[in-house]
Structures are given as structure tokens and as C-alpha cells.
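Data file: coords07.csv. Format and content: CSV, C-alpha atoms.
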```csv
chain,number,residue,atom,x,y,z
A,933,MET,CA,25.0,15.7,10.1
A,934,HIS,CA,22.8,18.7,10.3
A,935,ARG,CA,20.4,17.2,7.6
A,936,PHE,CA,20.2,14.0,9.6
A,937,ALA,CA,19.2,15.9,12.8
A,938,GLN,CA,16.5,17.8,10.9
A,939,GLY,CA,15.1,14.6,9.5
A,940,LEU,CA,15.2,12.9,12.8
A,941,ALA,CA,13.4,15.9,14.5
A,942,LEU,CA,10.7,15.9,11.8
A,943,CYS,CA,10.1,12.1,12.3
A,944,CYS,CA,9.8,12.6,16.0
A,945,VAL,CA,7.3,15.4,15.6
A,946,VAL,CA,5.2,13.3,13.2
A,947,ALA,CA,5.3,10.3,15.5
A,948,LEU,CA,4.3,12.4,18.5
A,949,LEU,CA,1.3,14.0,16.6
A,950,CYS,CA,0.2,10.6,15.4
A,951,GLY,CA,0.4,9.1,18.9
A,952,CYS,CA,-1.7,12.0,20.3
A,953,HIS,CA,-4.3,11.5,17.6
A,954,ARG,CA,-4.7,7.8,18.3
A,955,HIS,CA,-5.1,8.6,22.0
A,956,ASP,CA,-7.9,11.0,21.4
A,957,ASP,CA,-9.8,8.6,19.2
A,958,ALA,CA,-9.4,5.5,21.3
A,959,THR,CA,-12.9,5.6,22.7
A,960,ALA,CA,-14.6,6.3,19.3
A,961,ALA,CA,-12.6,3.5,17.6
A,962,LYS,CA,-14.1,0.9,20.0
A,963,ASN,CA,-17.7,1.8,18.9
A,964,ALA,CA,-17.0,2.3,15.2
A,965,PRO,CA,-17.9,-0.4,12.7
A,966,ALA,CA,-14.7,0.1,10.8
A,967,PRO,CA,-11.3,1.5,11.5
A,968,LYS,CA,-11.3,5.3,12.1
A,969,THR,CA,-11.9,7.0,8.7
A,970,PRO,CA,-10.1,10.2,7.8
A,971,PRO,CA,-12.1,13.4,8.2
A,972,ALA,CA,-14.8,13.7,5.6
A,973,LYS,CA,-15.2,16.8,3.4
A,974,ALA,CA,-18.1,19.0,2.7
A,975,GLN,CA,-18.3,21.3,-0.3
A,976,THR,CA,-20.8,23.8,-1.6
A,977,GLY,CA,-21.2,25.2,-5.0
A,978,LYS,CA,-23.6,26.5,-7.5
A,979,PRO,CA,-24.4,24.0,-10.3
A,980,PRO,CA,-22.8,25.0,-13.6
A,981,ALA,CA,-25.1,27.1,-15.8
A,982,THR,CA,-24.4,25.0,-18.9
A,983,SER,CA,-24.2,21.6,-17.4
A,984,VAL,CA,-25.9,18.7,-19.2
A,985,ALA,CA,-27.2,15.9,-16.9
A,986,LYS,CA,-25.4,12.6,-17.7
A,987,THR,CA,-27.8,10.6,-15.5
A,988,PRO,CA,-31.4,10.9,-14.5
A,989,ALA,CA,-32.1,13.5,-11.9
A,990,PRO,CA,-31.9,12.2,-8.3
A,991,ALA,CA,-35.2,11.4,-6.5
A,992,PRO,CA,-36.7,14.2,-4.4
A,993,ALA,CA,-35.6,14.2,-0.8
A,994,SER,CA,-39.2,14.0,0.4
A,995,SER,CA,-42.2,12.2,-1.1
A,996,THR,CA,-44.6,14.9,0.1
A,997,ALA,CA,-44.5,17.7,-2.4
A,998,LYS,CA,-45.5,21.1,-1.2
A,999,ALA,CA,-45.6,24.4,-3.0
A,1000,VAL,CA,-42.5,26.2,-1.7
A,1001,ASP,CA,-41.8,29.9,-2.0
A,1002,ALA,CA,-38.8,30.4,-4.4
A,1003,ASN,CA,-37.1,32.6,-1.7
A,1004,VAL,CA,-37.4,30.1,1.1
A,1005,PHE,CA,-34.3,28.0,1.5
A,1006,HIS,CA,-35.0,24.3,1.4
A,1007,VAL,CA,-33.5,21.0,0.4
A,1008,SER,CA,-34.9,19.8,-2.9
A,1009,SER,CA,-33.0,16.5,-3.4
A,1010,LEU,CA,-30.4,14.1,-2.0
A,1011,ALA,CA,-28.3,11.7,-4.0
A,1012,LEU,CA,-25.5,9.2,-3.1
A,1013,GLY,CA,-22.7,8.1,-5.4
A,1014,THR,CA,-18.9,7.5,-5.8
A,1015,ALA,CA,-18.1,10.5,-8.0
A,1016,ILE,CA,-19.1,14.1,-8.3
A,1017,ASP,CA,-18.9,16.6,-11.2
A,1018,THR,CA,-17.4,20.1,-11.1
A,1019,GLY,CA,-20.7,21.5,-9.7
A,1020,TYR,CA,-20.4,19.0,-6.8
A,1021,ALA,CA,-23.4,16.9,-7.9
A,1022,VAL,CA,-23.2,13.1,-7.8
A,1023,THR,CA,-22.6,11.9,-11.4
A,1024,ALA,CA,-24.3,8.5,-11.0
A,1025,SER,CA,-26.8,8.0,-8.2
A,1026,ALA,CA,-26.5,4.7,-6.3
A,1027,THR,CA,-27.8,3.1,-3.1
A,1028,ARG,CA,-25.6,0.0,-3.2
A,1029,PHE,CA,-21.8,0.1,-2.8
A,1030,SER,CA,-19.0,-2.4,-2.7
A,1031,ALA,CA,-17.2,-2.9,0.6
A,1032,ASP,CA,-14.0,-1.8,-1.3
A,1033,THR,CA,-15.5,1.6,-2.1
A,1034,HIS,CA,-13.2,4.1,-0.4
A,1035,THR,CA,-15.3,7.3,-0.8
A,1036,ILE,CA,-19.1,7.8,-0.8
A,1037,TYR,CA,-20.6,11.2,-1.6
A,1038,ALA,CA,-23.9,12.7,-0.6
A,1039,SER,CA,-25.0,15.6,-2.8
A,1040,VAL,CA,-27.7,17.8,-1.3
A,1041,ALA,CA,-29.4,20.1,-3.8
A,1042,THR,CA,-31.0,23.2,-2.3
A,1043,SER,CA,-33.1,26.0,-3.6
A,1044,GLY,CA,-34.0,29.5,-2.3
A,1045,ARG,CA,-32.1,32.2,-0.6
A,1046,THR,CA,-30.2,32.1,2.7
A,1047,ALA,CA,-27.7,34.5,4.4
A,1048,GLY,CA,-26.6,31.5,6.5
A,1049,ALA,CA,-28.1,28.1,6.9
A,1050,LYS,CA,-26.4,25.0,8.4
A,1051,LEU,CA,-26.6,21.6,6.7
A,1052,ASP,CA,-25.6,18.5,8.7
A,1053,ALA,CA,-25.0,15.0,7.4
A,1054,ARG,CA,-25.0,12.0,9.8
A,1055,TRP,CA,-23.8,8.7,8.4
A,1056,ARG,CA,-25.0,5.7,10.5
A,1057,TYR,CA,-24.3,2.0,10.3
A,1058,LEU,CA,-27.7,0.4,11.0
A,1059,GLU,CA,-26.4,-3.1,11.6
A,1060,GLY,CA,-24.5,-1.8,14.6
A,1061,GLN,CA,-27.6,-0.4,16.4
A,1062,GLY,CA,-27.3,2.9,14.5
A,1063,VAL,CA,-23.6,3.5,15.3
A,1064,LEU,CA,-22.6,7.0,14.1
A,1065,VAL,CA,-19.9,6.5,11.4
A,1066,ASN,CA,-19.3,10.2,10.7
A,1067,GLU,CA,-21.0,13.6,11.2
A,1068,LEU,CA,-20.3,16.7,9.1
A,1069,SER,CA,-21.6,20.2,9.0
A,1070,GLN,CA,-21.5,22.9,6.3
A,1071,ASN,CA,-22.7,26.5,6.4
A,1072,VAL,CA,-24.5,27.6,3.2
A,1073,VAL,CA,-24.9,31.1,1.9
A,1074,THR,CA,-26.7,31.4,-1.4
A,1075,ASP,CA,-29.2,33.4,-3.4
A,1076,GLY,CA,-30.5,30.6,-5.5
A,1077,SER,CA,-29.9,26.9,-6.3
A,1078,ALA,CA,-26.8,25.3,-4.9
A,1079,VAL,CA,-25.4,21.8,-4.3
A,1080,THR,CA,-23.6,20.9,-1.1
A,1081,THR,CA,-21.6,17.7,-1.1
A,1082,PHE,CA,-20.6,15.6,1.9
A,1083,GLU,CA,-17.9,13.0,1.6
A,1084,VAL,CA,-17.2,10.1,3.9
A,1085,GLN,CA,-14.1,8.0,3.4
A,1086,ASN,CA,-12.8,4.6,4.6
A,1087,PRO,CA,-9.3,3.6,3.4
A,1088,ASN,CA,-10.2,0.0,4.5
A,1089,ARG,CA,-13.2,-2.2,3.6
A,1090,TRP,CA,-16.6,-1.1,4.8
A,1091,PRO,CA,-18.5,-3.6,6.9
A,1092,ALA,CA,-21.3,-5.1,4.9
A,1093,GLY,CA,-24.7,-4.1,5.9
A,1094,LYS,CA,-27.3,-1.4,5.9
A,1095,TYR,CA,-26.5,2.3,6.4
A,1096,VAL,CA,-28.3,5.6,6.2
A,1097,VAL,CA,-27.3,9.2,5.7
A,1098,GLU,CA,-29.5,11.8,7.4
A,1099,ILE,CA,-29.5,15.4,6.3
A,1100,SER,CA,-30.7,18.2,8.7
A,1101,LEU,CA,-31.2,21.9,7.9
A,1102,ASP,CA,-30.6,24.1,10.9
A,1103,GLY,CA,-31.0,21.2,13.2
A,1104,LYS,CA,-34.3,19.9,11.7
A,1105,PRO,CA,-34.3,16.6,9.7
A,1106,VAL,CA,-35.2,17.2,6.1
A,1107,ALA,CA,-34.0,14.2,4.1
A,1108,GLN,CA,-32.5,10.8,4.4
A,1109,GLN,CA,-31.2,8.1,2.1
A,1110,ALA,CA,-30.7,4.4,3.0
A,1111,PHE,CA,-27.9,2.5,1.3
A,1112,GLU,CA,-26.3,-0.8,1.5
A,1113,VAL,CA,-22.7,-2.0,1.4
A,1114,THR,CA,-22.2,-5.5,0.0
A,1115,ASP,CA,-19.2,-7.8,0.5
A,1116,GLY,CA,-19.3,-9.0,-3.1
A,1117,LYS,CA,-18.2,-12.5,-2.1
```

Any chance you could give the structure as C-alpha cells?
Amino acid sequence: MHRFAQGLALCCVVALLCGCHRHDDATAAKNAPAPKTPPAKAQTGKPPATSVAKTPAPAPASSTAKAVDANVFHVSSLALGTAIDTGYAVTASATRFSADTHTIYASVATSGRTAGAKLDARWRYLEGQGVLVNELSQNVVTDGSAVTTFEVQNPNRWPAGKYVVEISLDGKPVAQQAFEVTDGK
């Protein structure tokens, strides 16, 4: 009987927490292009010293190349894909994803030194007038090259259409990558 009471109490607590979460997200769910996605993750790490690139290097985040002081912290590239390696870099860069893709990663390669910089990633669905799908932040502390990976998930199907991920460094836009989700039908 005691085990039954513990199980029942646990179920009630879970149901109560789930109910509260739905109540808090009711307004956001009305504007979102897809059902509420689980919280996305952001990870930062140094690229492995002995890694061998399996795919071509991602395109630079900006087409205007400037000479940058090696000590000045800056974003050097942005790549999207469906998998990352142990150094948090996207393994195969892509800009077109299936509606059934559950996780999309954005790997932001940075160079330079910082005692604390903030990278933000804003994922927008452009077909829905720029509806914000998810927004993530990650603090970065590094004394050289690093890769910060942002992850957005949708356990359901993504709405087909055009999207963009925008990367900001300390509140200033520094890179963006457009991508498309296709229905495949």
C-alpha cells in the first residue's frame, strides 16, 4: 500500500508540473510555427588538437574579410547541420533539412581571447513573418580558437519553409545563415 501511495504522489507531482508548464507557454504556443520545442542546448569547447576535417570547412560568417588582431575575440564562421563531433563542430554542413529532422545544430567558430563574451542565437521562421522559434545564449571564456554549438529541437515535424539563424556577439549581429525545411512530399 505504501508503494502505491508513493507512486500516486509522484504521478500527481509530475502532472501538476506539466500543467503549470503548459499554462506558462500558452501565449508563446499561439505564435509559434510548430508545437513548443524542448529547450535547446548550447555548448562551447575547444576544437580537438588532432582532429581531421571530414567535410570542407564551413563558409566564413561574413563575406567582407578584414585583418583581425589575433587577440580580439571574433566569430570566424557559422555552419548548420544535423550532427556534431566531439569538438562541437558540425560534421556535415547543410542549409536544407527535412521536416522530419528533429535536431538542427549551429556551430559558431570563434578566434581570439575573451574573459567573457556572450553569444546569442535567434532561430526565426521567415514564412511566419519572422516568428521567433527559439533564442539561446552562451557565455564564452577562451584564450584562443573555440567552437560554440547551439541546438534547436522539434520532436514533431517542422513547418516547411524558409528559416534563418542569427548570431550576435555581445548584442551586436555578427553572422547569419538562411536555411530551408522541405516537406519532401

Exercise: Lys1104 of chain A partners within 12 Å, all atoms listed in the file, chain neighbours under 3 positions left out, as a list in words: His1006, Val1007, Ala1049, Lys1050, Leu1051, Asp1052, Ala1053, Glu1098, Ile1099, Ser1100, Leu1101, Ala1107 and Gln1108 of chain A

For the residues in the current selection, export C-alpha atoms as a PDB file, in the coordinates of the input.
```
ATOM      1  CA  HIS A1006     -35.000  24.300   1.400  1.00  0.00           C
ATOM      2  CA  VAL A1007     -33.500  21.000   0.400  1.00  0.00           C
ATOM      3  CA  ALA A1049     -28.100  28.100   6.900  1.00  0.00           C
ATOM      4  CA  LYS A1050     -26.400  25.000   8.400  1.00  0.00           C
ATOM      5  CA  LEU A1051     -26.600  21.600   6.700  1.00  0.00           C
ATOM      6  CA  ASP A1052     -25.600  18.500   8.700  1.00  0.00           C
ATOM      7  CA  ALA A1053     -25.000  15.000   7.400  1.00  0.00           C
ATOM      8  CA  GLU A1098     -29.500  11.800   7.400  1.00  0.00           C
ATOM      9  CA  ILE A1099     -29.500  15.400   6.300  1.00  0.00           C
ATOM     10  CA  SER A1100     -30.700  18.200   8.700  1.00  0.00           C
ATOM     11  CA  LEU A1101     -31.200  21.900   7.900  1.00  0.00           C
ATOM     12  CA  ALA A1107     -34.000  14.200   4.100  1.00  0.00           C
ATOM     13  CA  GLN A1108     -32.500  10.800   4.400  1.00  0.00           C
TER      14      GLN A1108
END
```

If you count only C-alpha atoms, the residue of A:Trp1090, A:Tyr1057, A:Phe1111, A:Tyr1037 closest to Ile1016 of chain A turns out to be A:Tyr1037

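Proximity ranking of A:Val1113, A:Ala1026, A:Ala1038, A:Ala1047 relative to Val1097 of chain A places A:Ala1038 first, based on all atoms listed in the file.
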
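Note that the spacing between atom CA of Ala1078 of chain A and atom CA of Arg1054 of chain A amounts to 19.9 Å.
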
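Of the residues under consideration (A:Leu1058, A:Val1096, A:Ala1002, A:Ala1021), A:Ala1021 shows the shortest atom-to-atom contact distance to Val1079 of chain A when counting all atoms listed in the file.
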